[in-house]
$ cat entry.txt   # compact mmCIF, C-alpha atoms
# COMPACT_ATOMS: atom_id res chain seq x y z
CA MET A 1 -104.64 -197.61 -99.54
CA ARG A 2 -108.04 -196.00 -99.30
CA GLY A 3 -106.83 -192.55 -98.38
CA PRO A 4 -105.06 -190.91 -95.46
CA ALA A 5 -108.23 -190.20 -93.47
CA LEU A 6 -108.90 -193.91 -92.98
CA ASP A 7 -105.32 -194.89 -92.24
CA GLU A 8 -105.14 -192.26 -89.55
CA ASP A 9 -107.27 -194.49 -87.34
CA LEU A 10 -105.02 -197.49 -87.89
CA LEU A 11 -101.94 -195.45 -87.04
CA ALA A 12 -103.61 -194.04 -83.93
CA GLY A 13 -104.04 -197.62 -82.71
CA VAL A 14 -100.39 -198.41 -83.41
CA ARG A 15 -99.27 -195.23 -81.67
CA ASP A 16 -101.39 -195.77 -78.56
CA VAL A 17 -100.31 -199.39 -78.12
CA SER A 18 -96.57 -198.69 -78.42
CA PRO A 19 -95.87 -198.07 -74.72
CA LEU A 20 -97.61 -201.36 -73.90
CA LEU A 21 -95.39 -203.24 -76.34
CA LEU A 22 -92.47 -202.63 -73.97
CA GLY A 23 -94.24 -204.77 -71.41
CA VAL A 24 -95.32 -207.41 -73.91
CA ALA A 25 -91.87 -207.95 -75.46
CA PRO A 26 -90.20 -209.46 -72.35
CA PHE A 27 -93.34 -211.55 -71.76
CA ALA A 28 -93.00 -212.95 -75.31
CA LEU A 29 -89.29 -213.65 -74.77
CA VAL A 30 -90.18 -215.64 -71.67
CA ALA A 31 -92.75 -217.64 -73.64
CA GLY A 32 -90.00 -218.60 -76.09
CA ILE A 33 -87.59 -219.52 -73.30
CA ALA A 34 -90.29 -221.58 -71.57
CA THR A 35 -90.91 -223.50 -74.81
CA VAL A 36 -87.27 -224.60 -74.92
CA ASP A 37 -87.41 -225.45 -71.22
CA ALA A 38 -90.44 -227.69 -71.81
CA GLY A 39 -88.32 -229.68 -74.26
CA LEU A 40 -90.01 -228.23 -77.35
CA GLY A 41 -88.61 -226.33 -80.31
CA LEU A 42 -89.15 -223.44 -82.66
CA ALA A 43 -92.04 -225.09 -84.55
CA GLU A 44 -94.01 -225.61 -81.33
CA ALA A 45 -93.20 -222.11 -80.11
CA VAL A 46 -94.44 -220.47 -83.31
CA GLY A 47 -97.37 -222.88 -83.58
CA MET A 48 -98.50 -222.08 -80.07
CA SER A 49 -98.01 -218.33 -80.37
CA VAL A 50 -99.99 -218.21 -83.62
CA ILE A 51 -102.75 -220.71 -82.76
CA VAL A 52 -103.29 -219.88 -79.08
CA PHE A 53 -101.97 -216.28 -78.95
CA ALA A 54 -102.68 -215.83 -75.21
CA GLY A 55 -99.56 -215.44 -73.09
CA ALA A 56 -100.57 -216.51 -69.60
CA SER A 57 -102.27 -219.68 -70.84
CA GLN A 58 -99.30 -220.49 -73.08
CA LEU A 59 -96.86 -220.29 -70.17
CA ALA A 60 -99.07 -222.41 -67.93
CA ALA A 61 -99.59 -225.02 -70.67
CA LEU A 62 -95.84 -225.17 -71.37
CA GLU A 63 -95.04 -225.66 -67.69
CA LEU A 64 -97.58 -228.50 -67.44
CA LEU A 65 -96.43 -230.08 -70.72
CA GLY A 66 -92.84 -230.00 -69.40
CA GLU A 67 -94.00 -231.85 -66.27
CA ASN A 68 -95.84 -234.45 -68.35
CA ALA A 69 -99.24 -233.55 -66.93
CA PRO A 70 -102.26 -235.27 -68.55
CA LEU A 71 -103.57 -233.47 -71.64
CA ALA A 72 -106.96 -232.83 -70.01
CA VAL A 73 -105.24 -230.95 -67.18
CA VAL A 74 -103.09 -228.94 -69.62
CA VAL A 75 -106.14 -227.95 -71.68
CA GLY A 76 -108.43 -227.38 -68.67
CA THR A 77 -105.92 -225.11 -66.96
CA ALA A 78 -105.28 -223.05 -70.09
CA VAL A 79 -108.99 -222.63 -70.77
CA VAL A 80 -109.74 -221.49 -67.20
CA ILE A 81 -107.00 -218.88 -67.57
CA ASN A 82 -108.53 -217.63 -70.83
CA LEU A 83 -112.12 -217.51 -69.54
CA ARG A 84 -111.58 -213.88 -68.62
CA MET A 85 -111.76 -213.08 -72.33
CA LEU A 86 -115.51 -213.90 -72.25
CA MET A 87 -115.87 -210.58 -70.44
CA TYR A 88 -113.85 -208.75 -73.08
CA SER A 89 -115.81 -210.36 -75.90
CA ALA A 90 -119.12 -209.31 -74.33
CA SER A 91 -117.92 -205.82 -73.59
CA ILE A 92 -116.46 -205.07 -77.03
CA ALA A 93 -119.25 -206.84 -78.99
CA PRO A 94 -121.60 -203.81 -79.28
CA HIS A 95 -118.75 -201.79 -80.86
CA PHE A 96 -118.32 -204.39 -83.59
CA ALA A 97 -122.03 -205.14 -84.09
CA GLU A 98 -122.31 -203.21 -87.37
CA TYR A 99 -119.53 -205.18 -89.07
CA GLY A 100 -119.93 -208.28 -91.20
CA ARG A 101 -119.53 -211.78 -89.86
CA ARG A 102 -116.11 -212.33 -91.47
CA LEU A 103 -114.56 -209.13 -90.21
CA ARG A 104 -115.86 -209.84 -86.72
CA ALA A 105 -114.40 -213.35 -86.88
CA GLY A 106 -111.00 -211.87 -87.77
CA LEU A 107 -111.16 -209.17 -85.12
CA ALA A 108 -112.05 -211.77 -82.48
CA TYR A 109 -108.86 -213.73 -83.19
CA LEU A 110 -106.76 -210.70 -82.17
CA LEU A 111 -108.61 -210.06 -78.89
CA THR A 112 -106.16 -209.66 -75.98
CA ASP A 113 -106.15 -207.94 -72.57
CA GLN A 114 -104.25 -204.96 -73.95
CA ALA A 115 -106.10 -204.56 -77.27
CA TYR A 116 -109.41 -204.77 -75.42
CA ALA A 117 -108.59 -202.27 -72.68
CA LEU A 118 -107.07 -199.76 -75.07
CA SER A 119 -109.82 -199.94 -77.71
CA VAL A 120 -112.82 -199.76 -75.40
CA ALA A 121 -111.33 -196.69 -73.71
CA GLU A 122 -110.74 -195.04 -77.09
CA PHE A 123 -114.21 -195.93 -78.47
CA ASP A 124 -115.82 -194.24 -75.47
CA GLU A 125 -113.64 -191.18 -75.70
CA ASN A 126 -113.57 -190.73 -79.46
CA PRO A 127 -116.77 -191.98 -81.18
CA ASP A 128 -115.63 -190.73 -84.60
CA ARG A 129 -112.86 -193.29 -84.90
CA SER A 130 -113.13 -196.16 -87.37
CA ARG A 131 -113.37 -198.76 -84.64
CA TRP A 132 -112.09 -201.74 -86.51
CA ARG A 133 -109.12 -199.83 -87.93
CA TYR A 134 -108.09 -198.45 -84.55
CA TYR A 135 -108.47 -201.87 -82.93
CA LEU A 136 -106.59 -203.55 -85.78
CA GLY A 137 -103.70 -201.09 -85.46
CA ALA A 138 -103.34 -201.86 -81.76
CA ALA A 139 -104.11 -205.60 -81.86
CA ALA A 140 -101.97 -206.42 -84.92
CA SER A 141 -98.98 -204.59 -83.41
CA LEU A 142 -99.33 -206.74 -80.30
CA TRP A 143 -99.57 -209.84 -82.49
CA ILE A 144 -96.37 -209.02 -84.38
CA VAL A 145 -94.37 -208.25 -81.21
CA TRP A 146 -95.68 -211.45 -79.64
CA GLN A 147 -94.53 -213.62 -82.59
CA VAL A 148 -91.13 -211.96 -82.99
CA GLY A 149 -90.53 -212.05 -79.23
CA THR A 150 -91.39 -215.74 -78.97
CA VAL A 151 -88.90 -216.64 -81.72
CA ALA A 152 -86.21 -214.49 -80.08
CA GLY A 153 -86.91 -216.24 -76.77
CA VAL A 154 -86.41 -219.67 -78.33
CA VAL A 155 -83.00 -218.60 -79.67
CA LEU A 156 -82.04 -217.00 -76.36
CA GLY A 157 -83.35 -219.90 -74.26
CA ALA A 158 -81.31 -222.41 -76.22
CA GLY A 159 -78.07 -220.44 -75.67
CA VAL A 160 -78.19 -219.70 -71.93
CA PRO A 161 -77.00 -222.26 -69.29
CA ASP A 162 -79.67 -223.82 -67.05
CA ALA A 163 -77.97 -222.53 -63.88
CA TRP A 164 -79.11 -219.01 -64.74
CA GLY A 165 -82.65 -220.16 -64.10
CA LEU A 166 -84.15 -218.09 -66.92
CA THR A 167 -87.49 -219.86 -66.53
CA PHE A 168 -87.82 -218.08 -63.19
CA ALA A 169 -88.91 -215.17 -65.37
CA VAL A 170 -92.23 -217.04 -65.87
CA PRO A 171 -93.55 -216.58 -62.30
CA LEU A 172 -92.12 -213.06 -62.37
CA VAL A 173 -94.26 -212.18 -65.40
CA PHE A 174 -97.34 -213.56 -63.66
CA LEU A 175 -96.42 -211.62 -60.53
CA ALA A 176 -96.31 -208.40 -62.55
CA LEU A 177 -99.85 -209.17 -63.80
CA LEU A 178 -101.11 -210.43 -60.42
CA VAL A 179 -100.30 -207.35 -58.35
CA PRO A 180 -102.52 -204.92 -60.32
CA ALA A 181 -105.27 -207.61 -60.52
CA MET A 182 -105.61 -207.51 -56.71
CA LYS A 183 -107.29 -204.11 -56.62
CA ASP A 184 -109.80 -204.43 -53.78
CA ARG A 185 -110.56 -206.71 -50.84
CA PRO A 186 -112.40 -209.56 -52.64
CA THR A 187 -109.83 -209.76 -55.47
CA THR A 188 -106.98 -209.71 -52.92
CA VAL A 189 -108.61 -212.51 -50.94
CA ALA A 190 -109.12 -214.44 -54.22
CA GLY A 191 -105.41 -214.11 -54.97
CA GLY A 192 -104.25 -214.95 -51.44
CA ALA A 193 -106.46 -218.02 -51.18
CA GLY A 194 -105.71 -219.20 -54.74
CA GLY A 195 -101.97 -218.99 -54.13
CA ALA A 196 -102.00 -220.58 -50.69
CA VAL A 197 -104.18 -223.51 -51.77
CA ALA A 198 -102.04 -224.05 -54.88
CA VAL A 199 -98.88 -224.31 -52.73
CA VAL A 200 -100.47 -226.87 -50.40
CA ALA A 201 -102.15 -228.69 -53.32
CA ALA A 202 -98.82 -228.99 -55.18
CA VAL A 203 -98.68 -232.57 -53.81
CA LEU A 204 -101.90 -233.53 -55.66
CA PRO A 205 -101.56 -236.02 -58.51
CA LEU A 206 -101.99 -235.09 -62.20
CA ASN A 207 -100.70 -231.53 -61.56
CA LEU A 208 -104.19 -230.58 -60.40
CA GLY A 209 -102.79 -228.11 -57.85
CA LEU A 210 -103.09 -225.07 -60.10
CA LEU A 211 -106.68 -225.79 -61.09
CA VAL A 212 -107.76 -226.57 -57.51
CA GLY A 213 -105.99 -223.45 -56.23
CA ALA A 214 -107.62 -221.26 -58.88
CA LEU A 215 -111.13 -222.60 -58.18
CA CYS A 216 -110.69 -222.16 -54.41
CA GLY A 217 -109.46 -218.60 -55.03
CA ILE A 218 -112.54 -217.76 -57.12
CA ALA A 219 -114.80 -219.21 -54.40
CA ALA A 220 -112.97 -217.23 -51.69
CA GLY A 221 -113.42 -214.01 -53.68
CA LEU A 222 -117.15 -214.64 -54.06
CA VAL A 223 -117.57 -215.42 -50.35
CA THR A 224 -115.73 -212.22 -49.40
CA GLU A 225 -117.91 -210.19 -51.76
CA VAL A 226 -121.09 -211.64 -50.26
CA THR A 227 -120.04 -211.21 -46.60
CA ALA A 228 -118.86 -207.63 -47.24
CA SER A 229 -122.17 -206.45 -48.71
CA MET B 1 -94.33 -229.56 -95.24
CA THR B 2 -91.92 -232.33 -94.20
CA ASP B 3 -90.61 -230.04 -91.47
CA ALA B 4 -94.11 -229.54 -90.12
CA LEU B 5 -94.68 -233.26 -90.24
CA ALA B 6 -91.42 -233.94 -88.40
CA ALA B 7 -92.38 -231.47 -85.68
CA LEU B 8 -95.77 -233.16 -85.30
CA VAL B 9 -94.20 -236.59 -84.97
CA ALA B 10 -91.60 -235.32 -82.47
CA SER B 11 -94.15 -233.93 -80.01
CA PRO B 12 -97.71 -235.08 -80.77
CA ARG B 13 -98.87 -234.35 -77.21
CA ALA B 14 -97.82 -230.74 -77.45
CA TRP B 15 -99.52 -230.28 -80.82
CA VAL B 16 -102.79 -231.77 -79.62
CA ALA B 17 -102.68 -229.41 -76.64
CA ILE B 18 -101.84 -226.41 -78.85
CA VAL B 19 -104.68 -227.05 -81.30
CA VAL B 20 -107.34 -227.86 -78.66
CA ILE B 21 -106.40 -224.87 -76.48
CA GLY B 22 -106.29 -222.69 -79.59
CA VAL B 23 -109.74 -223.72 -80.80
CA LEU B 24 -111.34 -223.31 -77.36
CA THR B 25 -109.63 -219.96 -76.78
CA TYR B 26 -110.83 -218.69 -80.14
CA GLY B 27 -114.34 -219.81 -79.19
CA ILE B 28 -114.10 -217.77 -75.98
CA ARG B 29 -112.89 -214.71 -77.91
CA LEU B 30 -115.54 -215.00 -80.61
CA SER B 31 -118.44 -215.90 -78.29
CA PHE B 32 -120.21 -212.61 -77.64
CA ILE B 33 -118.72 -210.80 -80.64
CA HIS B 34 -120.46 -213.42 -82.77
CA LEU B 35 -123.65 -213.72 -80.75
CA PHE B 36 -124.28 -210.02 -80.26
CA GLY B 37 -127.92 -209.24 -80.95
CA ARG B 38 -129.03 -212.62 -79.69
CA ILE B 39 -127.27 -212.52 -76.32
CA ASP B 40 -126.33 -209.02 -75.25
CA GLY B 41 -123.98 -209.68 -72.37
CA VAL B 42 -122.56 -212.08 -69.84
CA PRO B 43 -125.31 -213.26 -67.47
CA THR B 44 -124.83 -211.76 -63.98
CA ARG B 45 -124.46 -215.20 -62.47
CA LEU B 46 -121.39 -215.78 -64.64
CA GLN B 47 -120.08 -212.24 -64.37
CA ARG B 48 -119.45 -212.35 -60.64
CA PRO B 49 -117.16 -215.41 -60.55
CA LEU B 50 -115.36 -214.24 -63.72
CA ARG B 51 -114.20 -211.15 -61.86
CA TYR B 52 -112.08 -213.37 -59.62
CA VAL B 53 -110.53 -215.49 -62.38
CA PRO B 54 -107.46 -213.27 -63.00
CA PRO B 55 -106.25 -212.86 -59.37
CA ALA B 56 -107.04 -216.47 -58.40
CA VAL B 57 -105.44 -218.04 -61.47
CA LEU B 58 -102.38 -215.79 -61.48
CA ALA B 59 -101.71 -216.37 -57.78
CA ALA B 60 -102.13 -220.12 -58.23
CA LEU B 61 -99.57 -219.92 -61.04
CA VAL B 62 -97.05 -217.80 -59.13
CA LEU B 63 -96.94 -219.06 -55.56
CA PRO B 64 -96.03 -222.74 -56.17
CA ASP B 65 -93.06 -221.53 -58.23
CA LEU B 66 -91.84 -219.40 -55.32
CA VAL B 67 -92.69 -221.58 -52.32
CA THR B 68 -91.95 -225.23 -51.68
CA LEU B 69 -93.11 -226.32 -48.24
CA GLY B 70 -89.91 -227.41 -46.46
CA PRO B 71 -89.33 -229.44 -43.28
CA SER B 72 -89.34 -226.23 -41.20
CA VAL B 73 -90.55 -222.64 -41.47
CA THR B 74 -86.95 -221.40 -41.76
CA ALA B 75 -86.16 -223.85 -44.54
CA THR B 76 -89.28 -222.75 -46.40
CA LEU B 77 -88.53 -219.04 -46.02
CA LEU B 78 -84.79 -219.18 -46.75
CA ASP B 79 -85.39 -219.99 -50.37
CA GLU B 80 -83.76 -217.84 -53.05
CA ARG B 81 -86.91 -218.05 -55.20
CA LEU B 82 -89.17 -216.78 -52.41
CA ILE B 83 -86.78 -213.93 -51.58
CA ALA B 84 -86.47 -212.94 -55.24
CA GLY B 85 -90.26 -213.18 -55.61
CA ALA B 86 -90.85 -210.95 -52.58
CA VAL B 87 -88.48 -208.29 -53.94
CA ALA B 88 -90.04 -208.50 -57.41
CA GLY B 89 -93.54 -208.33 -55.88
CA ALA B 90 -92.62 -205.09 -54.11
CA VAL B 91 -91.32 -203.66 -57.40
CA ALA B 92 -94.49 -204.76 -59.22
CA TRP B 93 -96.58 -203.05 -56.57
CA ARG B 94 -94.61 -199.78 -56.69
CA THR B 95 -94.04 -199.53 -60.46
CA GLU B 96 -96.62 -201.84 -62.18
CA ASN B 97 -93.87 -202.30 -64.76
CA VAL B 98 -93.41 -205.81 -66.23
CA PHE B 99 -89.82 -205.25 -67.31
CA ALA B 100 -88.68 -203.77 -63.97
CA THR B 101 -90.36 -206.66 -62.14
CA ILE B 102 -88.61 -209.33 -64.22
CA ALA B 103 -85.24 -207.55 -64.03
CA THR B 104 -85.17 -207.09 -60.23
CA GLY B 105 -86.49 -210.61 -59.67
CA MET B 106 -83.81 -212.21 -61.84
CA VAL B 107 -80.96 -210.12 -60.38
CA THR B 108 -82.07 -210.94 -56.83
CA LEU B 109 -82.28 -214.64 -57.71
CA TRP B 110 -78.74 -214.60 -59.12
CA LEU B 111 -77.43 -212.59 -56.15
CA PHE B 112 -78.70 -215.18 -53.68
CA ARG B 113 -77.91 -218.23 -55.82
CA PHE B 114 -74.37 -217.28 -56.84
CA VAL B 115 -73.23 -215.00 -53.96
CA VAL B 116 -75.20 -215.16 -50.69
CA PHE B 117 -76.12 -218.87 -50.56
CA ALA B 118 -73.15 -220.04 -52.65

$ encode --input "entry.txt" --output "structure tokens"
Amino acid sequence: MRGPALDEDLLAGVRDVSPLLLGVAPFALVAGIATVDAGLGLAEAVGMSVIVFAGASQLAALELLGENAPLAVVVGTAVVINLRMLMYSASIAPHFAEYGRRLRAGLAYLLTDQAYALSVAEFDENPDRSRWRYYLGAAASLWIVWQVGTVAGVVLGAGVPDAWGLTFAVPLVFLALLVPAMKDRPTTVAGGAGGAVAVVAAVLPLNLGLLVGALCGIAAGLVTEVTAS
Amino acid sequence: MTDALAALVASPRAWVAIVVIGVLTYGIRLSFIHLFGRIDGVPTRLQRPLRYVPPAVLAALVLPDLVTLGPSVTATLLDERLIAGAVAGAVAWRTENVFATIATGMVTLWLFRFVVFA
């Protein structure tokens, strides 16, 4: 403890992230359930949640692993999904520039959609905050809920009959993320084209449908942007 | 330690995937945070396509789980997963709430699987 004034920033991060944890918890449960469904166990669930710590890519990788897709396709798909974090890294980098290399390396591990969005908004609004403490409060809370939720999902997934189709919660989670991501015409076209191509490309070998669909969607978004301007 | 070893032996493919994805994802996260000062931002040429990664990837993940092209349009549309997905999509659009979306989607799926189409 280095005094209440410093911890105030950490607690502010925890407080501000709490409403978001309600959305993350079911997502984490689904990740645990999907691990069981892919024929894997608690060790893999915890290993993946700690080492990868990126929900959407974890769910996609689990689905592909369960379908025995080639490793290159599993890895390639997960990495494409996580590429969006390049933008977050670039955008938050100036806020962390004054910190040492080690601290920055640690902070980078905890970078997520929610921690990024919350912190950057707070840094702009409240320049007096200890940035790393506020970010740590938010990001570490997300990390803990993610790990606990994954473990709970493994336990739950093992106890519920297959007929209930609990893994259907996976596309539902993505749907909840997809709808707000389609916020203007080019992003909506990107989503529509990506989805449609992925459905048709589901017959492709090596489970390449997802990757092909995603790349076509990105191209369609770019074309729409260019023709609109 | 023996437990960890047993897990590795039981599913080596999964562990290779976990470690490789983990390392690459960490590299993505660290990239600009580490390089700041030398490279100040994402080049514009990369920035534009990156904007479309979330909607394109998410849609490509969702749709094949809701739609399987059937022998006819009716067969394709009268699918409990597509109906549940449409209802959940409407809820996601109105509420932007992850929990409400999952809950309505699952209940609709069960309603059609165990009652309507049973």

$ closest_residue --input "entry.txt" --among "A:Val203, A:Leu83, A:Ala152, A:Val120" --to "chain B" --atoms "all atoms listed in the file"
A:Leu83

$ interface_residues --input "entry.txt" --of "chain B" --to "chain A" --cutoff "6 Å" --atoms "only C-alpha atoms" --output "list in words"
Ile18, Ile21, Gly22, Ile28, Arg29, Leu30, Phe32, Ile33, Gly41, Tyr52, Pro55, Ala56, Val57, Leu58, Ala59, Ala60, Val62, Leu63, Pro64, Ala92, Trp93, Val98 and Ile102 of chain B

$ atom_distance --input "entry.txt" --atom1 "CA of Ala140 in chain A" --atom2 "CA of Gly159 in chain A"
29.2 Å

$ closest_residue --input "entry.txt" --among "B:Ala10, B:Ser72, B:Gly85, B:Val116" --to "Thr101 in chain B" --atoms "only C-alpha atoms"
B:Gly85

$ atom_distance --input "entry.txt" --atom1 "CA of Leu77 in chain B" --atom2 "CA of Val53 in chain B"
27.6 Å

$ residues_near_point --input "entry.txt" --point "(-102.2, -205.6, -77.6)" --cutoff "6 Å" --atoms "only C-alpha atoms" --output "PyMOL selection string"
chain A and resi 112+114-115+138-139+142

$ atom_distance --input "entry.txt" --atom1 "CA of Leu8 in chain B" --atom2 "CA of Val20 in chain B"
14.4 Å
